[in-house]
Every structure is written in structure tokens, then in C-alpha cells.
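Quick look at protein.cif (mmCIF, C-alpha atoms):
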data_entry
loop_
_atom_site.group_PDB
_atom_site.id
_atom_site.type_symbol
_atom_site.label_atom_id
_atom_site.label_comp_id
_atom_site.auth_asym_id
_atom_site.auth_seq_id
_atom_site.Cartn_x
_atom_site.Cartn_y
_atom_site.Cartn_z
ATOM 1 C CA MET A 1 -58.281 -130.889 21.528
ATOM 2 C CA LYS A 2 -60.863 -128.692 19.807
ATOM 3 C CA LYS A 3 -61.768 -127.043 23.133
ATOM 4 C CA ASN A 4 -58.066 -126.375 23.815
ATOM 5 C CA ILE A 5 -57.774 -124.585 20.479
ATOM 6 C CA VAL A 6 -60.929 -122.564 21.125
ATOM 7 C CA ALA A 7 -59.669 -121.554 24.580
ATOM 8 C CA LEU A 8 -56.270 -120.562 23.146
ATOM 9 C CA VAL A 9 -57.951 -118.437 20.462
ATOM 10 C CA MET A 10 -60.089 -116.784 23.168
ATOM 11 C CA LEU A 11 -56.990 -115.976 25.238
ATOM 12 C CA CYS A 12 -55.109 -114.584 22.217
ATOM 13 C CA SER A 13 -58.056 -112.395 21.216
ATOM 14 C CA SER A 14 -58.315 -111.121 24.808
ATOM 15 C CA VAL A 15 -54.599 -110.325 24.752
ATOM 16 C CA ALA A 16 -55.015 -108.386 21.496
ATOM 17 C CA ALA A 17 -58.109 -106.505 22.688
ATOM 18 C CA LEU A 18 -56.680 -105.564 26.071
ATOM 19 C CA GLY A 19 -53.269 -104.719 24.623
ATOM 20 C CA THR A 20 -54.780 -102.204 22.232
ATOM 21 C CA SER A 21 -57.122 -100.691 24.821
ATOM 22 C CA ALA A 22 -54.687 -100.264 27.725
ATOM 23 C CA PRO A 23 -55.117 -96.877 29.403
ATOM 24 C CA ALA A 24 -52.525 -94.248 28.535
ATOM 25 C CA GLN A 25 -51.543 -93.769 32.176
ATOM 26 C CA ALA A 26 -50.618 -97.450 32.658
ATOM 27 C CA GLU A 27 -46.950 -97.896 33.486
ATOM 28 C CA MET A 28 -44.801 -99.050 30.553
ATOM 29 C CA GLY A 29 -43.626 -102.642 30.802
ATOM 30 C CA LYS A 30 -46.691 -103.822 32.701
ATOM 31 C CA THR A 31 -47.975 -106.104 29.930
ATOM 32 C CA THR A 32 -46.450 -109.599 29.826
ATOM 33 C CA ILE A 33 -47.271 -112.932 28.248
ATOM 34 C CA GLY A 34 -45.443 -116.251 28.438
ATOM 35 C CA PRO A 35 -45.384 -119.932 29.386
ATOM 36 C CA SER A 36 -46.082 -121.332 32.841
ATOM 37 C CA LEU A 37 -45.796 -124.551 34.810
ATOM 38 C CA ASN A 38 -48.673 -125.261 37.168
ATOM 39 C CA PHE A 39 -48.273 -127.593 40.132
ATOM 40 C CA GLY A 40 -51.445 -128.944 41.761
ATOM 41 C CA SER A 41 -51.766 -130.180 45.331
ATOM 42 C CA THR A 42 -52.408 -133.695 43.983
ATOM 43 C CA GLY A 43 -48.934 -133.859 42.412
ATOM 44 C CA THR A 44 -50.043 -133.053 38.863
ATOM 45 C CA THR A 45 -47.991 -130.699 36.689
ATOM 46 C CA THR A 46 -49.483 -128.930 33.686
ATOM 47 C CA VAL A 47 -48.369 -126.275 31.219
ATOM 48 C CA GLY A 48 -50.147 -123.071 30.379
ATOM 49 C CA ILE A 49 -49.908 -119.494 29.233
ATOM 50 C CA ASP A 50 -50.008 -116.601 31.694
ATOM 51 C CA SER A 51 -50.378 -112.928 30.921
ATOM 52 C CA LYS A 52 -50.606 -109.651 32.794
ATOM 53 C CA PHE A 53 -52.128 -106.331 31.717
ATOM 54 C CA GLY A 54 -51.466 -103.237 33.803
ATOM 55 C CA ILE A 55 -54.725 -101.304 34.064
ATOM 56 C CA SER A 56 -53.219 -98.752 36.471
ATOM 57 C CA ASP A 57 -49.964 -98.386 38.385
ATOM 58 C CA ASN A 58 -51.195 -100.806 41.056
ATOM 59 C CA LEU A 59 -53.937 -102.904 39.409
ATOM 60 C CA SER A 60 -53.387 -105.745 36.952
ATOM 61 C CA LEU A 61 -55.654 -108.110 35.068
ATOM 62 C CA ARG A 62 -54.027 -111.563 34.841
ATOM 63 C CA PRO A 63 -55.707 -113.868 32.255
ATOM 64 C CA PHE A 64 -54.421 -117.433 31.962
ATOM 65 C CA ILE A 65 -55.018 -120.711 30.201
ATOM 66 C CA ILE A 66 -53.926 -124.150 31.481
ATOM 67 C CA PHE A 67 -53.839 -127.265 29.324
ATOM 68 C CA ALA A 68 -55.001 -129.744 31.948
ATOM 69 C CA ASN A 69 -54.119 -133.429 32.275
ATOM 70 C CA PHE A 70 -57.790 -134.491 32.200
ATOM 71 C CA GLY A 71 -58.061 -133.696 28.497
ATOM 72 C CA GLY A 72 -59.643 -130.317 29.078
ATOM 73 C CA THR A 73 -58.696 -126.711 29.482
ATOM 74 C CA ILE A 74 -58.807 -124.316 32.404
ATOM 75 C CA PHE A 75 -59.010 -120.626 31.653
ATOM 76 C CA GLY A 76 -59.753 -117.581 33.708
ATOM 77 C CA SER A 77 -58.483 -114.309 35.046
ATOM 78 C CA ALA A 78 -57.629 -112.559 38.291
ATOM 79 C CA LEU A 79 -57.647 -108.911 39.298
ATOM 80 C CA THR A 80 -54.658 -108.152 41.516
ATOM 81 C CA TYR A 81 -53.252 -105.277 43.516
ATOM 82 C CA ASP A 82 -49.539 -104.901 42.775
ATOM 83 C CA PHE A 83 -47.304 -103.636 45.585
ATOM 84 C CA ASN A 84 -44.524 -101.721 43.795
ATOM 85 C CA VAL A 85 -41.876 -102.018 46.502
ATOM 86 C CA SER A 86 -38.706 -101.753 44.376
ATOM 87 C CA ARG A 87 -39.659 -99.327 41.610
ATOM 88 C CA GLY A 88 -36.807 -97.924 39.539
ATOM 89 C CA GLU A 89 -34.255 -100.618 40.300
ATOM 90 C CA LYS A 90 -32.820 -102.820 37.558
ATOM 91 C CA PHE A 91 -34.102 -106.000 39.283
ATOM 92 C CA GLN A 92 -37.704 -105.417 40.387
ATOM 93 C CA ILE A 93 -39.753 -107.476 42.794
ATOM 94 C CA VAL A 94 -43.481 -106.726 42.682
ATOM 95 C CA PRO A 95 -45.620 -108.731 45.146
ATOM 96 C CA PHE A 96 -49.322 -109.003 44.294
ATOM 97 C CA ALA A 97 -52.570 -110.246 45.835
ATOM 98 C CA GLY A 98 -56.059 -110.546 44.429
ATOM 99 C CA ALA A 99 -58.981 -112.734 43.426
ATOM 100 C CA GLY A 100 -60.306 -114.279 40.255
ATOM 101 C CA ILE A 101 -62.460 -116.848 38.583
ATOM 102 C CA SER A 102 -61.566 -119.872 36.459
ATOM 103 C CA ILE A 103 -63.548 -122.222 34.248
ATOM 104 C CA ALA A 104 -62.495 -125.833 33.685
ATOM 105 C CA THR A 105 -63.890 -127.587 30.619
ATOM 106 C CA ALA A 106 -63.595 -131.117 29.257
ATOM 107 C CA ASN A 107 -65.744 -133.319 27.007
ATOM 108 C CA ASN A 108 -69.064 -133.124 28.877
ATOM 109 C CA PHE A 109 -67.801 -131.351 31.961
ATOM 110 C CA SER A 110 -67.618 -127.723 33.063
ATOM 111 C CA SER A 111 -66.765 -126.262 36.455
ATOM 112 C CA THR A 112 -66.418 -122.657 37.596
ATOM 113 C CA ILE A 113 -64.489 -121.707 40.735
ATOM 114 C CA GLY A 114 -63.433 -118.531 42.460
ATOM 115 C CA PHE A 115 -59.946 -118.272 43.892
ATOM 116 C CA LEU A 116 -57.644 -116.037 45.888
ATOM 117 C CA THR A 117 -54.141 -115.534 44.549
ATOM 118 C CA ALA A 118 -50.873 -114.092 45.820
ATOM 119 C CA GLY A 119 -47.362 -114.090 44.478
ATOM 120 C CA ALA A 120 -44.622 -111.931 43.027
ATOM 121 C CA ASP A 121 -43.324 -110.797 39.663
ATOM 122 C CA PHE A 122 -39.543 -110.668 39.307
ATOM 123 C CA GLY A 123 -38.286 -108.263 36.635
ATOM 124 C CA ILE A 124 -35.037 -109.839 35.389
ATOM 125 C CA THR A 125 -34.364 -107.496 32.437
ATOM 126 C CA ASP A 126 -36.284 -104.771 30.649
ATOM 127 C CA SER A 127 -38.047 -107.425 28.567
ATOM 128 C CA ILE A 128 -38.110 -110.615 30.729
ATOM 129 C CA GLU A 129 -40.142 -111.211 33.874
ATOM 130 C CA LEU A 130 -40.474 -114.303 36.072
ATOM 131 C CA LYS A 131 -43.555 -115.042 38.167
ATOM 132 C CA ALA A 132 -44.413 -117.221 41.137
ATOM 133 C CA ALA A 133 -47.969 -117.423 42.463
ATOM 134 C CA VAL A 134 -50.291 -119.535 44.537
ATOM 135 C CA LYS A 135 -54.017 -119.924 43.818
ATOM 136 C CA VAL A 136 -56.340 -121.060 46.607
ATOM 137 C CA PRO A 137 -59.986 -121.875 45.783
ATOM 138 C CA VAL A 138 -62.648 -120.091 47.786
ATOM 139 C CA PHE A 139 -65.465 -121.844 49.583
ATOM 140 C CA ILE A 140 -68.774 -121.925 47.763
ATOM 141 C CA GLY A 141 -71.569 -122.888 50.122
ATOM 142 C CA SER A 142 -70.342 -125.646 52.410
ATOM 143 C CA GLU A 143 -67.944 -127.193 49.899
ATOM 144 C CA SER A 144 -64.545 -126.213 48.578
ATOM 145 C CA ILE A 145 -64.285 -126.670 44.830
ATOM 146 C CA GLY A 146 -60.830 -127.193 43.366
ATOM 147 C CA THR A 147 -57.437 -127.600 44.922
ATOM 148 C CA PRO A 148 -54.688 -125.100 45.746
ATOM 149 C CA GLY A 149 -52.059 -124.715 43.070
ATOM 150 C CA PHE A 150 -48.650 -123.156 42.577
ATOM 151 C CA THR A 151 -47.534 -121.515 39.329
ATOM 152 C CA LEU A 152 -44.065 -120.676 38.030
ATOM 153 C CA GLY A 153 -43.827 -118.736 34.803
ATOM 154 C CA ALA A 154 -41.821 -116.450 32.587
ATOM 155 C CA GLY A 155 -43.047 -113.661 30.405
ATOM 156 C CA PHE A 156 -41.979 -111.280 27.712
ATOM 157 C CA LYS A 157 -42.749 -107.639 28.614
ATOM 158 C CA PHE A 158 -44.050 -105.268 26.006
#

Starting from the file, give its structure as C-alpha cells.
Amino acid sequence: MKKNIVALVMLCSSVAALGTSAPAQAEMGKTTIGPSLNFGSTGTTTVGIDSKFGISDNLSLRPFIIFANFGGTIFGSALTYDFNVSRGEKFQIVPFAGAGISIATANNFSSTIGFLTAGADFGITDSIELKAAVKVPVFIGSESIGTPGFTLGAGFKF
């Protein structure tokens, strides 16, 4: 539980630091934070917090934290390219693709994996966004570490 609290504090401080240092040219409404449901390939479902920080019109940093079923926490971030295909419409669909790194921690356990991610953000209103994404671990050496996962989330835009 203590590691979960530490990871949550780290995510919140990252949100605060990145939110105050966002470049002036970043498109308004590109920062979101909210809850997520994460579905693993082994049938496990976990909850987490996802966020997105627009660092340019087409690049986003996507930090996340997952409160895992094994008594630990998974946190990490991805850098994605956002394909703005429906800009200016009331209902926006923004597909994205990128790569990231995540760290899983538990009592005496720690694991770091790289992953590829793809998905889409769905702008429902000016202040609410839904997200669907898939994360696929990359191969490190001759072994694959981790399992593919699917994430559904909602976020408040600011």
C-alpha cells in the first residue's frame, strides 16, 4: 500500500510539473487526466489513472499509474504521435501511436518493460474525453516481458 501511495504522489507531482511547464504553442484542451480500466491478456482487470500532456500539436506525453492485482503498482509513460484527423468538429477522434516504458513494483519485485501503444482519444465535449488503447510489450533479447493489455478510460480536459 505504501508503494501505491508513493507512486500516486509521483504521478500527481509529474502532472503538476508538466501542467505548469507546457509549451505556449501546445493546443488548448490537450491535457487530460482521469480514471481507467485496464484489461490484461490473462483476464485480469485493474484500475488506474491515465493522463495526457500535449507537448506540440501532434506529440503527447501519456503518463499512467495502474494499481495492479499482485499488490503492487505499475507506472510509466509513453510518447505518442497524435493524428488529428477530425480537428474543429464538436466530436473529435484522434488516433495515436507511440512507444513507452513502464515499471512494475511490488514488495521485493521490480520489472521494467518497453511497449508499443496505439489507440484513439474521443472528444465527447469540450471538457470530457474517452480513450481506448492497446499496449504491446516489446521483445528484450530473446524473451518477451509482460503481456498485451487493453485500456479504456475517461478524462477531464483542462

Discussion item. Please compute the CA of Leu116 in chain A-CA of Lys135 in chain A distance, one decimal, in Å.
Written reply: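 Interatomic distance here is 5.7 Å.
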
Item to complete: Just give me the gap between CA of Leu152 in chain A and CA of Leu130 in chain A in Å, one decimal is fine.
Response: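 Between CA of Leu152 in chain A and CA of Leu130 in chain A the gap is 7.6 Å.
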
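Among the candidate residues A:Gly54, A:Pro35, A:Gly48, A:Gly119, the one lying nearest to Phe67 in chain A is A:Gly48, with distances computed using only C-alpha atoms.
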
Discussion item. List as an MDAnalysis selection string the protein and nucleic acid residues near Ala78 in chain A, meaning an atom at most 8 Å away when all atoms listed in the file are counted, but skip any in the same chain fewer than 3 places from it.
Written reply: chainID A and resid 61:63 98:101 117

At a cut-off of 10 Å from (-40.1, -111.7, 38.5) in the coordinates of the file, what residues are picked up using all atoms listed in the file, written as a PDB file with C-alpha atoms, in the coordinates of the input?
ATOM      1  CA  PHE A  91     -34.102-106.000  39.283  1.00  0.00           C
ATOM      2  CA  GLN A  92     -37.704-105.417  40.387  1.00  0.00           C
ATOM      3  CA  ILE A  93     -39.753-107.476  42.794  1.00  0.00           C
ATOM      4  CA  VAL A  94     -43.481-106.726  42.682  1.00  0.00           C
ATOM      5  CA  PRO A  95     -45.620-108.731  45.146  1.00  0.00           C
ATOM      6  CA  GLY A 119     -47.362-114.090  44.478  1.00  0.00           C
ATOM      7  CA  ALA A 120     -44.622-111.931  43.027  1.00  0.00           C
ATOM      8  CA  ASP A 121     -43.324-110.797  39.663  1.00  0.00           C
ATOM      9  CA  PHE A 122     -39.543-110.668  39.307  1.00  0.00           C
ATOM     10  CA  GLY A 123     -38.286-108.263  36.635  1.00  0.00           C
ATOM     11  CA  ILE A 124     -35.037-109.839  35.389  1.00  0.00           C
ATOM     12  CA  THR A 125     -34.364-107.496  32.437  1.00  0.00           C
ATOM     13  CA  ILE A 128     -38.110-110.615  30.729  1.00  0.00           C
ATOM     14  CA  GLU A 129     -40.142-111.211  33.874  1.00  0.00           C
ATOM     15  CA  LEU A 130     -40.474-114.303  36.072  1.00  0.00           C
ATOM     16  CA  LYS A 131     -43.555-115.042  38.167  1.00  0.00           C
ATOM     17  CA  ALA A 132     -44.413-117.221  41.137  1.00  0.00           C
ATOM     18  CA  LEU A 152     -44.065-120.676  38.030  1.00  0.00           C
ATOM     19  CA  GLY A 153     -43.827-118.736  34.803  1.00  0.00           C
ATOM     20  CA  ALA A 154     -41.821-116.450  32.587  1.00  0.00           C
ATOM     21  CA  GLY A 155     -43.047-113.661  30.405  1.00  0.00           C
TER      22      GLY A 155
END

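Our summary of the geometry notes that CA of Phe96 in chain A is positioned 20.2 Å from CA of Gly40 in chain A.
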
Listed atoms of range 45-63 of chain A, axis-aligned box, 5 Å per side: centre and edge lengths to one decimal in Å, as JSON?
{"center_x": -51.8, "center_y": -114.5, "center_z": 35.1, "size_x": 17.7, "size_y": 42.3, "size_z": 21.8}

Worksheet item: Hey, what's within 12 Å of Thr45 in chain A if we count all atoms listed in the file and toss same-chain stuff fewer than 2 positions away? As a list in words, please?
Response: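 Within the cut-off, the hits are Ser36, Leu37, Asn38, Phe39, Gly40, Ser41, Thr42, Gly43, Val47, Gly48, Ile66, Phe67, Ala68, Asn69, Phe70, Gly149, Phe150, Thr151 and Leu152 of chain A.
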
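Ranking A:Thr80, A:Val85, A:Phe156, A:Gly72 by their shortest atom-to-atom distance to Ser127 in chain A, with only C-alpha atoms included, puts A:Phe156 first.
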
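Of the residues under consideration (A:Asn107, A:Ile113, A:Ser60, A:Asp50), A:Asp50 shows the shortest atom-to-atom contact distance to Ala133 in chain A when counting all atoms listed in the file.
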
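Among A:Asn84, A:Thr46, A:Thr73, A:Thr31, the residue with the shortest atom-to-atom distance to Phe109 in chain A, counting all atoms listed in the file, is A:Thr73.
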